[in-house]
Structure formats: C-alpha cells, structure tokens
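query-v7.cif, holding mmCIF, C-alpha atoms:
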data_structure
loop_
_atom_site.label_atom_id
_atom_site.label_comp_id
_atom_site.auth_asym_id
_atom_site.auth_seq_id
_atom_site.Cartn_x
_atom_site.Cartn_y
_atom_site.Cartn_z
CA MET J 1 38.24 -138.76 -3.55
CA GLU J 2 39.39 -138.69 -7.15
CA TYR J 3 40.50 -141.83 -8.91
CA THR J 4 43.00 -141.43 -11.66
CA SER J 5 45.07 -143.96 -13.47
CA GLU J 6 48.21 -143.59 -15.51
CA GLN J 7 48.06 -147.15 -16.76
CA ALA J 8 48.35 -147.40 -20.52
CA PRO J 9 45.45 -149.12 -22.27
CA PHE J 10 46.01 -152.77 -23.13
CA THR J 11 47.00 -153.20 -26.76
CA SER J 12 45.53 -155.79 -29.09
CA GLN J 13 48.77 -157.79 -28.84
CA GLU J 14 48.57 -157.82 -25.06
CA ARG J 15 44.91 -158.75 -25.25
CA GLU J 16 45.73 -161.72 -27.50
CA ALA J 17 48.30 -162.97 -25.00
CA ILE J 18 45.77 -162.71 -22.17
CA TYR J 19 43.07 -164.61 -24.07
CA ARG J 20 45.62 -167.18 -25.18
CA VAL J 21 46.62 -167.97 -21.61
CA ILE J 22 43.01 -168.11 -20.44
CA HIS J 23 42.20 -170.67 -23.14
CA ALA J 24 45.49 -172.61 -22.93
CA ARG J 25 45.42 -173.08 -19.12
CA ARG J 26 44.93 -176.72 -18.16
CA ASP J 27 44.47 -178.72 -14.99
CA MET J 28 47.66 -180.78 -15.28
CA ARG J 29 48.27 -184.17 -13.71
CA HIS J 30 51.33 -185.23 -15.73
CA PHE J 31 54.57 -183.56 -14.63
CA ALA J 32 58.20 -183.94 -15.64
CA GLY J 33 59.94 -183.40 -12.30
CA GLY J 34 62.62 -180.72 -12.47
CA SER J 35 62.47 -177.52 -10.47
CA VAL J 36 61.00 -174.02 -10.47
CA GLU J 37 63.37 -171.09 -10.10
CA PRO J 38 62.72 -169.10 -6.91
CA GLU J 39 62.00 -165.85 -8.74
CA ILE J 40 59.46 -167.60 -10.96
CA LEU J 41 57.78 -169.13 -7.93
CA SER J 42 57.71 -165.70 -6.31
CA ARG J 43 56.01 -164.18 -9.34
CA ILE J 44 53.37 -166.91 -9.34
CA LEU J 45 52.68 -166.44 -5.62
CA ALA J 46 52.53 -162.66 -6.06
CA ALA J 47 49.97 -163.18 -8.83
CA GLY J 48 47.87 -165.11 -6.31
CA HIS J 49 48.19 -162.34 -3.76
CA ALA J 50 47.01 -159.82 -6.40
CA ALA J 51 43.59 -161.48 -6.49
CA PRO J 52 40.39 -159.68 -5.59
CA SER J 53 38.84 -160.40 -2.21
CA VAL J 54 35.57 -159.45 -0.62
CA GLY J 55 36.08 -156.54 1.77
CA PHE J 56 39.80 -156.81 0.88
CA MET J 57 40.04 -159.64 3.43
CA GLN J 58 42.77 -161.54 1.52
CA PRO J 59 41.86 -164.89 3.09
CA TRP J 60 44.39 -166.98 1.13
CA ARG J 61 47.40 -168.60 2.79
CA PHE J 62 50.09 -170.44 0.82
CA ILE J 63 52.27 -173.22 2.20
CA ARG J 64 55.23 -174.35 0.12
CA ILE J 65 55.94 -178.01 0.85
CA SER J 66 59.72 -178.38 0.97
CA ASN J 67 59.98 -181.41 3.26
CA SER J 68 59.89 -184.61 1.20
CA GLU J 69 58.47 -186.69 4.04
CA LEU J 70 55.60 -184.21 4.34
CA ARG J 71 55.00 -184.49 0.61
CA ASN J 72 54.86 -188.28 0.99
CA GLN J 73 52.30 -187.99 3.76
CA LEU J 74 50.15 -185.68 1.65
CA ALA J 75 50.43 -188.09 -1.29
CA GLU J 76 49.20 -190.89 0.96
CA LEU J 77 46.20 -188.86 2.09
CA VAL J 78 45.34 -188.14 -1.54
CA GLU J 79 45.66 -191.78 -2.55
CA ALA J 80 43.38 -192.84 0.31
CA GLU J 81 40.76 -190.32 -0.82
CA ARG J 82 41.10 -191.45 -4.45
CA GLN J 83 40.20 -194.98 -3.30
CA ARG J 84 37.24 -193.74 -1.25
CA THR J 85 36.02 -191.70 -4.22
CA ALA J 86 36.28 -194.76 -6.47
CA GLU J 87 34.02 -196.66 -4.08
CA GLN J 88 31.29 -194.09 -4.70
CA MET J 89 31.65 -194.16 -8.49
CA ASP J 90 29.45 -197.21 -9.03
CA GLU J 91 29.45 -198.17 -12.72
CA ARG J 92 32.21 -195.69 -13.63
CA LYS J 93 34.62 -196.98 -10.98
CA SER J 94 37.01 -198.81 -13.29
CA GLU J 95 36.97 -195.93 -15.76
CA PHE J 96 37.77 -193.55 -12.89
CA MET J 97 40.61 -195.72 -11.62
CA ARG J 98 42.31 -195.56 -15.01
CA LEU J 99 42.46 -191.75 -14.90
CA LYS J 100 45.49 -189.97 -13.51
CA VAL J 101 43.97 -187.51 -11.07
CA GLU J 102 47.04 -185.96 -9.43
CA GLY J 103 50.76 -185.43 -9.85
CA ILE J 104 51.84 -184.89 -6.26
CA ARG J 105 54.93 -187.07 -6.40
CA ASP J 106 55.97 -185.96 -9.91
CA CYS J 107 55.66 -182.18 -9.75
CA ALA J 108 58.55 -179.82 -9.03
CA GLU J 109 56.71 -177.80 -6.39
CA LEU J 110 53.74 -178.57 -4.17
CA ILE J 111 51.82 -175.62 -2.71
CA ALA J 112 48.96 -176.03 -0.26
CA VAL J 113 46.35 -173.28 -0.34
CA ILE J 114 44.50 -172.76 2.90
CA GLN J 115 41.66 -170.45 3.63
CA ALA J 116 42.40 -168.46 6.79
CA PRO J 117 40.00 -168.67 9.74
CA ASP J 118 37.09 -166.28 9.34
CA ASP J 119 38.16 -162.80 10.45
CA GLY J 120 34.59 -161.58 10.86
CA THR J 121 34.57 -159.29 7.82
CA VAL J 122 30.99 -158.07 7.17
CA PHE J 123 31.74 -155.92 4.11
CA GLY J 124 30.20 -157.58 1.04
CA ARG J 125 29.51 -160.88 2.77
CA ARG J 126 26.78 -160.34 5.35
CA THR J 127 24.43 -162.66 3.46
CA MET J 128 27.03 -165.07 2.02
CA PRO J 129 29.98 -165.13 4.43
CA ASP J 130 31.25 -168.57 3.60
CA GLU J 131 30.72 -168.32 -0.15
CA MET J 132 32.48 -164.99 -0.54
CA ALA J 133 35.58 -166.03 1.41
CA LEU J 134 35.85 -169.21 -0.66
CA CYS J 135 35.39 -167.25 -3.87
CA SER J 136 38.22 -164.89 -2.94
CA THR J 137 40.66 -167.71 -2.27
CA SER J 138 39.82 -169.44 -5.51
CA CYS J 139 40.34 -166.24 -7.51
CA ALA J 140 43.87 -166.29 -6.08
CA ILE J 141 44.32 -169.85 -7.31
CA GLU J 142 43.08 -168.97 -10.80
CA ASN J 143 45.57 -166.09 -10.93
CA MET J 144 48.38 -168.50 -9.97
CA TRP J 145 47.21 -170.95 -12.61
CA LEU J 146 47.33 -168.37 -15.38
CA ALA J 147 50.69 -167.07 -14.16
CA ALA J 148 52.10 -170.61 -14.14
CA ARG J 149 50.88 -171.20 -17.69
CA ALA J 150 52.45 -167.91 -18.78
CA GLU J 151 55.71 -169.22 -17.27
CA ASN J 152 55.23 -172.37 -19.40
CA LEU J 153 54.72 -174.41 -16.24
CA GLY J 154 51.88 -176.80 -15.55
CA MET J 155 49.61 -176.56 -12.53
CA GLY J 156 47.03 -178.96 -11.19
CA TRP J 157 44.49 -178.40 -8.43
CA VAL J 158 44.21 -181.54 -6.29
CA SER J 159 41.11 -181.64 -4.09
CA PHE J 160 41.20 -185.35 -3.26
CA PHE J 161 41.72 -185.16 0.49
CA GLU J 162 40.00 -184.88 3.83
CA PRO J 163 40.54 -181.24 4.75
CA ALA J 164 40.88 -182.01 8.47
CA ASP J 165 43.76 -184.41 7.77
CA VAL J 166 45.63 -181.86 5.65
CA ALA J 167 44.97 -179.15 8.25
CA SER J 168 46.46 -181.37 10.91
CA LEU J 169 49.59 -182.21 8.88
CA LEU J 170 50.23 -178.54 8.13
CA ALA J 171 49.61 -177.25 11.66
CA CYS J 172 46.68 -175.11 10.61
CA PRO J 173 44.82 -173.18 13.32
CA SER J 174 41.21 -173.97 14.14
CA GLY J 175 38.91 -172.67 11.42
CA ALA J 176 41.53 -172.75 8.66
CA ARG J 177 40.37 -174.74 5.63
CA PRO J 178 42.67 -176.49 3.17
CA LEU J 179 41.18 -176.06 -0.30
CA ALA J 180 43.90 -177.11 -2.70
CA LEU J 181 47.13 -178.97 -3.10
CA LEU J 182 48.63 -177.28 -6.13
CA CYS J 183 51.04 -179.34 -8.18
CA LEU J 184 53.33 -177.01 -10.10
CA GLY J 185 56.24 -177.49 -12.43
CA PRO J 186 57.59 -178.40 -15.84
CA VAL J 187 55.51 -180.71 -18.03
CA LYS J 188 56.36 -182.54 -21.22
CA ALA J 189 53.32 -181.10 -22.98
CA PHE J 190 50.10 -179.33 -22.13
CA TYR J 191 46.79 -181.04 -22.80
CA ASP J 192 45.05 -179.58 -25.85
CA LYS J 193 41.69 -179.87 -24.08
CA PRO J 194 40.67 -180.55 -20.48
CA MET J 195 41.87 -184.07 -19.73
CA LEU J 196 38.39 -185.15 -18.65
CA GLU J 197 37.04 -184.01 -22.02
CA THR J 198 39.74 -185.84 -23.99
CA GLU J 199 39.18 -188.98 -21.93
CA GLY J 200 35.45 -188.86 -22.62
CA TRP J 201 34.57 -188.41 -18.97
CA ARG J 202 32.41 -185.39 -19.64
CA GLN J 203 31.71 -182.92 -22.45
CA ARG J 204 32.02 -179.15 -22.65
CA GLU J 205 28.65 -177.43 -22.22
CA THR J 206 27.41 -175.19 -25.04
CA MET J 207 27.13 -171.44 -24.50
CA GLU J 208 23.35 -171.78 -24.98
CA HIS J 209 23.28 -174.06 -21.95
CA ILE J 210 25.04 -171.62 -19.64
CA LEU J 211 23.92 -168.19 -20.90
CA ALA J 212 20.55 -166.45 -21.14
CA GLU J 213 18.98 -162.98 -20.93
CA ASP J 214 17.01 -161.80 -17.91
CA HIS J 215 16.34 -165.27 -16.54
CA TYR J 216 18.09 -168.49 -15.67
CA PRO J 217 19.15 -170.41 -18.82
CA GLN J 218 16.76 -173.25 -19.60
CA MET D 219 46.61 -192.14 -24.03
CA GLU D 220 49.30 -189.77 -25.24
CA TYR D 221 49.11 -186.07 -24.55
CA THR D 222 50.74 -183.81 -27.05
CA SER D 223 50.56 -180.11 -27.50
CA GLU D 224 51.42 -177.95 -30.44
CA GLN D 225 50.97 -174.76 -28.47
CA ALA D 226 53.94 -172.43 -28.77
CA PRO D 227 55.62 -171.49 -25.48
CA PHE D 228 54.60 -168.15 -24.05
CA THR D 229 57.15 -165.46 -24.85
CA SER D 230 58.48 -162.95 -22.34
CA GLN D 231 56.36 -160.25 -24.00
CA GLU D 232 53.23 -162.33 -23.61
CA ARG D 233 54.17 -163.11 -20.03
CA GLU D 234 54.54 -159.41 -19.26
CA ALA D 235 51.06 -158.71 -20.62
CA ILE D 236 49.62 -161.50 -18.49
CA TYR D 237 51.27 -160.27 -15.30
CA ARG D 238 50.28 -156.70 -16.13
CA VAL D 239 46.61 -157.61 -16.37
CA ILE D 240 46.74 -159.68 -13.18
CA HIS D 241 48.17 -156.72 -11.26
CA ALA D 242 46.11 -154.01 -12.99
CA ARG D 243 42.72 -155.72 -12.50
CA ARG D 244 40.50 -153.79 -10.07
CA ASP D 245 37.11 -154.23 -8.46
CA MET D 246 35.46 -151.19 -10.06
CA ARG D 247 32.47 -149.31 -8.69
CA HIS D 248 32.73 -146.15 -10.82
CA PHE D 249 31.47 -146.57 -14.38
CA ALA D 250 30.99 -144.21 -17.31
CA GLY D 251 27.83 -145.62 -18.87
CA GLY D 252 28.27 -146.35 -22.57
CA SER D 253 28.01 -149.81 -24.05
CA VAL D 254 29.95 -152.99 -24.69
CA GLU D 255 30.13 -154.32 -28.23
CA PRO D 256 28.50 -157.75 -28.58
CA GLU D 257 31.67 -159.44 -29.80
CA ILE D 258 33.62 -158.07 -26.82
CA LEU D 259 30.95 -159.29 -24.43
CA SER D 260 31.08 -162.69 -26.12
CA ARG D 261 34.84 -162.91 -25.66
CA ILE D 262 34.53 -162.06 -21.97
CA LEU D 263 31.81 -164.67 -21.44
CA ALA D 264 33.84 -167.26 -23.36
CA ALA D 265 36.79 -166.49 -21.06
CA GLY D 266 34.53 -167.33 -18.13
CA HIS D 267 33.45 -170.57 -19.74
CA ALA D 268 37.13 -171.51 -20.25
CA ALA D 269 37.62 -171.70 -16.47
CA PRO D 270 38.66 -174.87 -14.69
CA SER D 271 36.00 -176.82 -12.81
CA VAL D 272 36.12 -179.75 -10.47
CA GLY D 273 35.19 -182.93 -12.32
CA PHE D 274 34.61 -180.66 -15.38
CA MET D 275 31.17 -179.87 -13.94
CA GLN D 276 31.09 -176.29 -15.32
CA PRO D 277 28.62 -175.08 -12.68
CA TRP D 278 28.57 -171.42 -13.80
CA ARG D 279 25.49 -169.84 -15.39
CA PHE D 280 25.50 -166.29 -16.79
CA ILE D 281 22.44 -164.08 -17.08
CA ARG D 282 22.75 -160.88 -19.08
CA ILE D 283 20.35 -158.29 -17.69
CA SER D 284 18.85 -156.46 -20.67
CA ASN D 285 15.54 -155.37 -19.15
CA SER D 286 15.92 -151.98 -17.47
CA GLU D 287 13.11 -152.59 -15.00
CA LEU D 288 14.85 -155.79 -13.90
CA ARG D 289 18.07 -153.84 -13.44
CA ASN D 290 16.20 -151.34 -11.28
CA GLN D 291 14.79 -154.12 -9.14
CA LEU D 292 18.25 -155.60 -8.66
CA ALA D 293 19.62 -152.15 -7.76
CA GLU D 294 16.91 -151.83 -5.11
CA LEU D 295 17.80 -155.21 -3.61
CA VAL D 296 21.44 -154.16 -3.45
CA GLU D 297 20.64 -150.83 -1.85
CA ALA D 298 18.52 -152.56 0.80
CA GLU D 299 21.39 -154.91 1.61
CA ARG D 300 23.85 -152.00 1.74
CA GLN D 301 21.68 -150.44 4.43
CA ARG D 302 21.45 -153.69 6.39
CA THR D 303 25.22 -154.12 6.17
CA ALA D 304 25.70 -150.57 7.46
CA GLU D 305 23.61 -151.43 10.51
CA GLN D 306 26.13 -154.14 11.40
CA MET D 307 29.16 -151.92 10.94
CA ASP D 308 29.03 -150.34 14.41
CA GLU D 309 31.72 -147.66 14.71
CA ARG D 310 32.65 -147.80 11.02
CA LYS D 311 29.09 -147.25 9.81
CA SER D 312 29.49 -143.64 8.64
CA GLU D 313 32.82 -144.47 7.01
CA PHE D 314 31.17 -147.39 5.22
CA MET D 315 28.24 -145.27 4.04
CA ARG D 316 30.62 -142.83 2.34
CA LEU D 317 32.12 -145.62 0.19
CA LYS D 318 30.74 -146.36 -3.23
CA VAL D 319 30.21 -150.12 -3.14
CA GLU D 320 28.50 -150.81 -6.46
CA GLY D 321 27.87 -149.36 -9.92
CA ILE D 322 24.72 -151.23 -10.92
CA ARG D 323 22.90 -148.24 -12.38
CA ASP D 324 26.00 -146.76 -14.04
CA CYS D 325 27.60 -149.71 -15.78
CA ALA D 326 27.06 -150.57 -19.44
CA GLU D 327 26.30 -154.25 -18.82
CA LEU D 328 25.05 -156.16 -15.79
CA ILE D 329 25.70 -159.90 -15.68
CA ALA D 330 24.39 -162.13 -12.91
CA VAL D 331 26.47 -165.20 -12.17
CA ILE D 332 24.54 -168.10 -10.72
CA GLN D 333 25.84 -171.41 -9.52
CA ALA D 334 23.80 -174.21 -11.03
CA PRO D 335 21.99 -176.66 -8.74
CA ASP D 336 24.29 -179.43 -7.58
CA ASP D 337 24.50 -182.12 -10.28
CA GLY D 338 25.83 -184.73 -7.88
CA THR D 339 29.38 -184.80 -9.26
CA VAL D 340 31.60 -186.86 -6.93
CA PHE D 341 34.87 -186.47 -8.87
CA GLY D 342 37.25 -184.29 -6.85
CA ARG D 343 34.61 -183.11 -4.41
CA ARG D 344 33.55 -186.05 -2.29
CA THR D 345 34.90 -184.36 0.84
CA MET D 346 34.25 -180.71 -0.13
CA PRO D 347 31.22 -180.69 -2.46
CA ASP D 348 30.05 -177.19 -1.75
CA GLU D 349 33.49 -175.61 -1.62
CA MET D 350 34.67 -177.08 -4.91
CA ALA D 351 31.57 -176.03 -6.86
CA LEU D 352 31.89 -172.49 -5.51
CA CYS D 353 35.58 -172.39 -6.33
CA SER D 354 34.89 -173.41 -9.93
CA THR D 355 32.32 -170.67 -10.44
CA SER D 356 34.60 -168.04 -8.99
CA CYS D 357 37.48 -169.08 -11.24
CA ALA D 358 35.12 -168.30 -14.12
CA ILE D 359 34.49 -164.85 -12.67
CA GLU D 360 38.21 -164.17 -12.27
CA ASN D 361 38.74 -165.12 -15.92
CA MET D 362 36.00 -162.68 -16.95
CA TRP D 363 37.54 -159.98 -14.79
CA LEU D 364 40.94 -160.34 -16.43
CA ALA D 365 39.39 -160.49 -19.88
CA ALA D 366 37.39 -157.33 -19.18
CA ARG D 367 40.53 -155.51 -18.02
CA ALA D 368 42.35 -156.67 -21.16
CA GLU D 369 39.48 -155.11 -23.14
CA ASN D 370 40.06 -151.89 -21.17
CA LEU D 371 36.70 -152.30 -19.47
CA GLY D 372 36.02 -152.15 -15.78
CA MET D 373 34.31 -154.91 -13.83
CA GLY D 374 32.98 -154.97 -10.29
CA TRP D 375 31.71 -157.94 -8.29
CA VAL D 376 28.65 -156.92 -6.28
CA SER D 377 27.75 -159.35 -3.49
CA PHE D 378 25.44 -157.04 -1.53
CA PHE D 379 22.18 -158.96 -1.89
CA GLU D 380 20.03 -161.68 -0.41
CA PRO D 381 20.65 -164.60 -2.75
CA ALA D 382 17.07 -165.88 -2.43
CA ASP D 383 15.70 -162.53 -3.62
CA VAL D 384 17.98 -162.47 -6.67
CA ALA D 385 17.16 -166.10 -7.42
CA SER D 386 13.47 -165.27 -7.36
CA LEU D 387 13.83 -162.22 -9.65
CA LEU D 388 15.82 -164.23 -12.19
CA ALA D 389 13.59 -167.32 -12.17
CA CYS D 390 16.34 -169.59 -10.90
CA PRO D 391 15.49 -173.22 -10.21
CA SER D 392 15.62 -174.62 -6.71
CA GLY D 393 19.21 -175.10 -5.60
CA ALA D 394 20.67 -172.45 -7.91
CA ARG D 395 22.75 -169.89 -6.03
CA PRO D 396 23.33 -166.31 -7.18
CA LEU D 397 26.92 -165.41 -6.33
CA ALA D 398 27.62 -162.19 -8.18
CA LEU D 399 26.12 -159.24 -9.94
CA LEU D 400 28.92 -158.24 -12.26
CA CYS D 401 28.99 -154.60 -13.31
CA LEU D 402 30.87 -154.29 -16.59
CA GLY D 403 31.67 -151.44 -18.91
CA PRO D 404 33.72 -148.38 -19.76
CA VAL D 405 35.26 -146.43 -16.87
CA LYS D 406 36.88 -143.02 -16.78
CA ALA D 407 39.97 -144.42 -15.08
CA PHE D 408 41.06 -147.56 -13.26
CA TYR D 409 41.98 -147.35 -9.58
CA ASP D 410 45.72 -147.53 -9.06
CA LYS D 411 45.19 -149.71 -5.97
CA PRO D 412 42.19 -151.57 -4.56
CA MET D 413 39.67 -148.88 -3.64
CA LEU D 414 39.41 -150.16 -0.09
CA GLU D 415 43.18 -149.78 0.27
CA THR D 416 43.19 -146.23 -1.14
CA GLU D 417 40.31 -145.29 1.12
CA GLY D 418 42.15 -146.59 4.17
CA TRP D 419 39.53 -149.24 4.86
CA ARG D 420 42.10 -152.04 5.04
CA GLN D 421 45.76 -152.62 4.17
CA ARG D 422 47.43 -155.14 1.88
CA GLU D 423 48.89 -158.09 3.82
CA THR D 424 52.63 -158.73 3.52
CA MET D 425 53.87 -161.88 1.79
CA GLU D 426 55.35 -162.98 5.14
CA HIS D 427 51.85 -162.98 6.58
CA ILE D 428 50.36 -165.23 3.91
CA LEU D 429 53.27 -167.54 2.95
CA ALA D 430 55.30 -170.13 4.85
CA GLU D 431 57.13 -173.44 4.34
CA ASP D 432 55.71 -176.75 5.52
CA HIS D 433 53.29 -175.24 8.03
CA TYR D 434 50.61 -172.60 8.30
CA PRO D 435 52.10 -169.06 8.27
CA GLN D 436 52.31 -167.59 11.77
#
Is it possible to express this structure as structure tokens?
Amino acid sequence: MEYTSEQAPFTSQEREAIYRVIHARRDMRHFAGGSVEPEILSRILAAGHAAPSVGFMQPWRFIRISNSELRNQLAELVEAERQRTAEQMDERKSEFMRLKVEGIRDCAELIAVIQAPDDGTVFGRRTMPDEMALCSTSCAIENMWLAARAENLGMGWVSFFEPADVASLLACPSGARPLALLCLGPVKAFYDKPMLETEGWRQRETMEHILAEDHYPQ
Amino acid sequence: MEYTSEQAPFTSQEREAIYRVIHARRDMRHFAGGSVEPEILSRILAAGHAAPSVGFMQPWRFIRISNSELRNQLAELVEAERQRTAEQMDERKSEFMRLKVEGIRDCAELIAVIQAPDDGTVFGRRTMPDEMALCSTSCAIENMWLAARAENLGMGWVSFFEPADVASLLACPSGARPLALLCLGPVKAFYDKPMLETEGWRQRETMEHILAEDHYPQ
C-alpha cells in the first residue's frame, strides 16, 4: 500500500505557534468562572480524540459534568483526598495545605477522563498492556490541554481522588479507570511557570539530568 | 501570591496551526533515513521536558541512541517481540505480519524514553502512584510528537519490546521503566489517516461512543 500526503509542510510561523503553546501550557488551579462555548468545547474534545493510541484502541472516555450536584460530590471527594494526602506529607504538610491544588468549584467546565475497560488489544502492548493503555489516554489529555491553551482557556488535571469513588459516582462499568478530573475554563492570567516551581515546591530538572547518549542519564 | 502573565493571547492563526498539528500528527513507521539537525533535536527534546507532571516530578528520561551496534541490538529485541506478538494474534496473524510496525533501522534518530525510578512523590498521586507517573511521561512523548510534526519530521512510538531487556541494554537503574523507542526523522510522506485505520485493522470510534454527560458513555 502506498502512503501519500497532500498536507502542506508546516511553516516557521506555524512552528512558532506550536512551540509557544507547548511552553505556555500550565496546570491551572485558579479559574474565573464563566463558560465555554459549545463549539470551543467540541474542538477541545476532538483534539483529545485525535490522540495516538496503541493498536488504535482509543481507550479514552470523556464525561462532561453538567449536573451541579454531581460536581459538588466530586469536589467533596477531592477535598477528602487532599486531607488524606496532607496527612502523608509529614514536615511539608502545612506548606502543602497552603497550596491551591484544584479549581473544581471555580472552573467553567469539568470533564472526567476515564480509561475504558481493557478490550484485550495485543497489538503493541503484549509486554506492557497496562502502561500502553494509560499512555494513550494521557496523550489525549495532553492534546486537550494544548488545545485549551490555544483557545486561551486554562486547564488543570486533578488527580486527588479515590478512583473507585469517582467510578461509582459516574456509573462506570467494571474495569473502567478514572484518571483525571479536568478543570477547564477562563482564567484571569496564566502562570508564567509551573505553580509548584513558583511556589518553591520543586525545581525544574536540568537537561543534563534527564538526557544522555546510549545509556541512562547519570 | 499573585499570578500574573504577560503572555499575549493566542491568535486565530496560531490556533489554526495548533489544531492542524494535533490532527496531522501520525504514528510513523516509514522513514527516509537522513538526519536531524542538532538544534531541531534539541527543540523537540525541550518540548518533551516542557510537559506537565504530577507533583512536578518530571519522571521522563531520554536516551539518544548514537551507537549503531546498540541500535541493531534494539532492532533485534523489537523483531523478537513482533514475532511473539504474532503468535498471539490467532486468525489475524498473517494480516499482522504484513503490517510495518516499526522503523528502527530506517529512522534518522532513535530516542529511548525511560520512566525514572519512583522518587516517592505523594503530591497528586497518593491513590494512583503508578498511573500518574506513567501519564506524565507520556505527556512528554506527545509533546515531542507534535514538535516533530511541526518540524516536518515523522515520529513513531515503538512499544514492541520486553522492558527488562531494553533496561539492561541501556544500563537503566533498578526501577526504571523503558516505555518507548521513538523513531524520529525525515519521511517521504505523512499518512493521511492512522496507518491502522487505512489498513483496515481498526476503525475510528465515533464521538458518541467516547463522550457523554454525567455518566459513562454507553
């Protein structure tokens, strides 16, 4: 089979826009309420669905939370987990408790991302079935994140929850795995750096630390 | 602490470029040899390092394979796994064996992506430690994929290998997990659709199948 493509090459201007969004994307926790127009939301979800997946299994499922009582229940689950996390923080507990770690009640849209029950795909995941399905779903989330930023909307990935509790609230079938509560919507401003870097929680690693030739970086 | 941002809003032209790359990105297996200029490779790696990570743990490690004997050894591991996968394909075995599933010997650059040993981060991953580290590393790979496409280079994620064998070849410490062998470089043309869709291996899911309101999509 021949593969041809009529897609025009990306120009340097396009390339700049793509690098700008990759570097300007932030994990947002401060939102300004408001709303997201349906066509914008559709574009962001379609960007997620355009992600790569191992064996083309497309394991991502998106649930838009429109019921305010359901959003409250999810917020309560997240707050309970934030408290449990704090208990394990030891000497950094008070520092942790001062951080804003989610914007579930403040964001315009809340989207749960669930990994579908394993469909038994062998292609490309015989040796790493769990890892490769998870990786596919998170590529979808990164696409949505970049799309949201391009729409000048903030997005934050909340992972403070017990997955079984979220699965139960959202009527997920057995084997489905909630991975993210995505807060999405207008923000007053985007963080210039990752919030945890600005707050002194942790520093950015150097390229020397993460990159090497022919062997694991030392 | 106040968060301010002097970043200009993304324009509609920039947004179009960003959506175009998200939808034009392909998992490539056909490469045209050649080379990748060092500054382009650096930009792609920096795009990976700009990914989000839970608790800002930055668990991704990149290994550029420059030794041709090492590349051969990796190619042999992948070929062995391709054969083992075929054995599990049952009635689709011959169809599978006709597909090109990797371009390790043909691509200009080969980059292994390894997840670092768990550093014990609790922030945002108390309930899903393994999942959240994996998700962070794969967001880095998706960033690299989009950056490569913006550079008019193909990229393919090869996951046909026994992770322990790759870890051993690349002198990874205990607990490090190889997740991807990324083939990167010039291609003759980009696939118009995912290769597995064009080849009739599997179809794209409808949005109705993957999206619902307030409950898991039925």
Pull the closest atom pair for each residue of chain J that gets at most 6 Å from chain D, along with the distance in Å to one decimal, counting all atoms listed in the file, ordering rows by chain and then ascending residue number, as a tab-separated table.
residue	atom	partner	partner_atom	distance
J:Tyr3	CA	D:Tyr409	CA	5.8
J:Thr4	CA	D:Ala407	CA	5.5
J:Ser5	CA	D:Ala407	CA	5.4
J:Phe10	CA	D:Ala368	CA	5.7
J:Glu14	CA	D:Ala235	CA	5.2
J:Arg15	CA	D:Ala368	CA	5.3
J:Ala17	CA	D:Glu232	CA	5.2
J:Ile18	CA	D:Ile236	CA	5.5
J:His23	CA	D:Ala268	CA	5.9
J:Ala50	CA	D:His241	CA	5.9
J:Arg61	CA	D:Ile428	CA	4.6
J:Phe62	CA	D:Leu429	CA	4.8
J:Ile63	CA	D:Ala430	CA	5.1
J:Arg64	CA	D:Glu431	CA	4.7
J:Ile65	CA	D:Asp432	CA	4.8
J:Gly124	CA	D:Phe378	CA	5.4
J:Thr127	CA	D:Glu380	CA	5.9
J:Cys135	CA	D:Ser356	CA	5.2
J:Ser138	CA	D:Cys353	CA	5.2
J:Cys139	CA	D:Cys357	CA	5.5
J:Glu142	CA	D:Cys357	CA	5.6
J:Ala150	CA	D:Arg233	CA	5.2
J:Ser159	CA	D:Gly342	CA	5.4
J:Phe160	CA	D:Gly342	CA	5.4
J:Glu162	CA	D:Thr345	CA	5.9
J:Leu170	CA	D:His433	CA	4.5
J:Ala171	CA	D:His433	CA	5.5
J:Cys172	CA	D:Tyr434	CA	5.2
J:Ala189	CA	D:Ser223	CA	5.4
J:Phe190	CA	D:Ser223	CA	5.4
J:Tyr191	CA	D:Tyr221	CA	5.8
J:Asp192	CA	D:Ser223	CA	5.8
J:Ile210	CA	D:Arg279	CA	4.6
J:Leu211	CA	D:Phe280	CA	4.8
J:Ala212	CA	D:Ile281	CA	5.1
J:Glu213	CA	D:Arg282	CA	4.7
J:Asp214	CA	D:Ile283	CA	4.9
J:His215	CA	D:Leu388	CA	4.5
J:Tyr216	CA	D:Cys390	CA	5.2
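With CA of Ser174 in chain J on one side and CA of Val78 in chain J on the other, the separation reads 21.5 Å.
Here CA of Asn290 in chain D is placed at a distance of 13.4 Å from CA of Cys401 in chain D.
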- Task: Please measure the separation of CA of Ile322 in chain D and CA of Glu297 in chain D, giving the value in Å to one decimal.
- Result: 10.0 Å
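Comparing the minimum interatomic distances between Arg316 in chain D and each of D:Gln301, D:Glu294, D:Gly338, D:Ile258, counting all atoms listed in the file, we find that D:Gln301 sits nearest.
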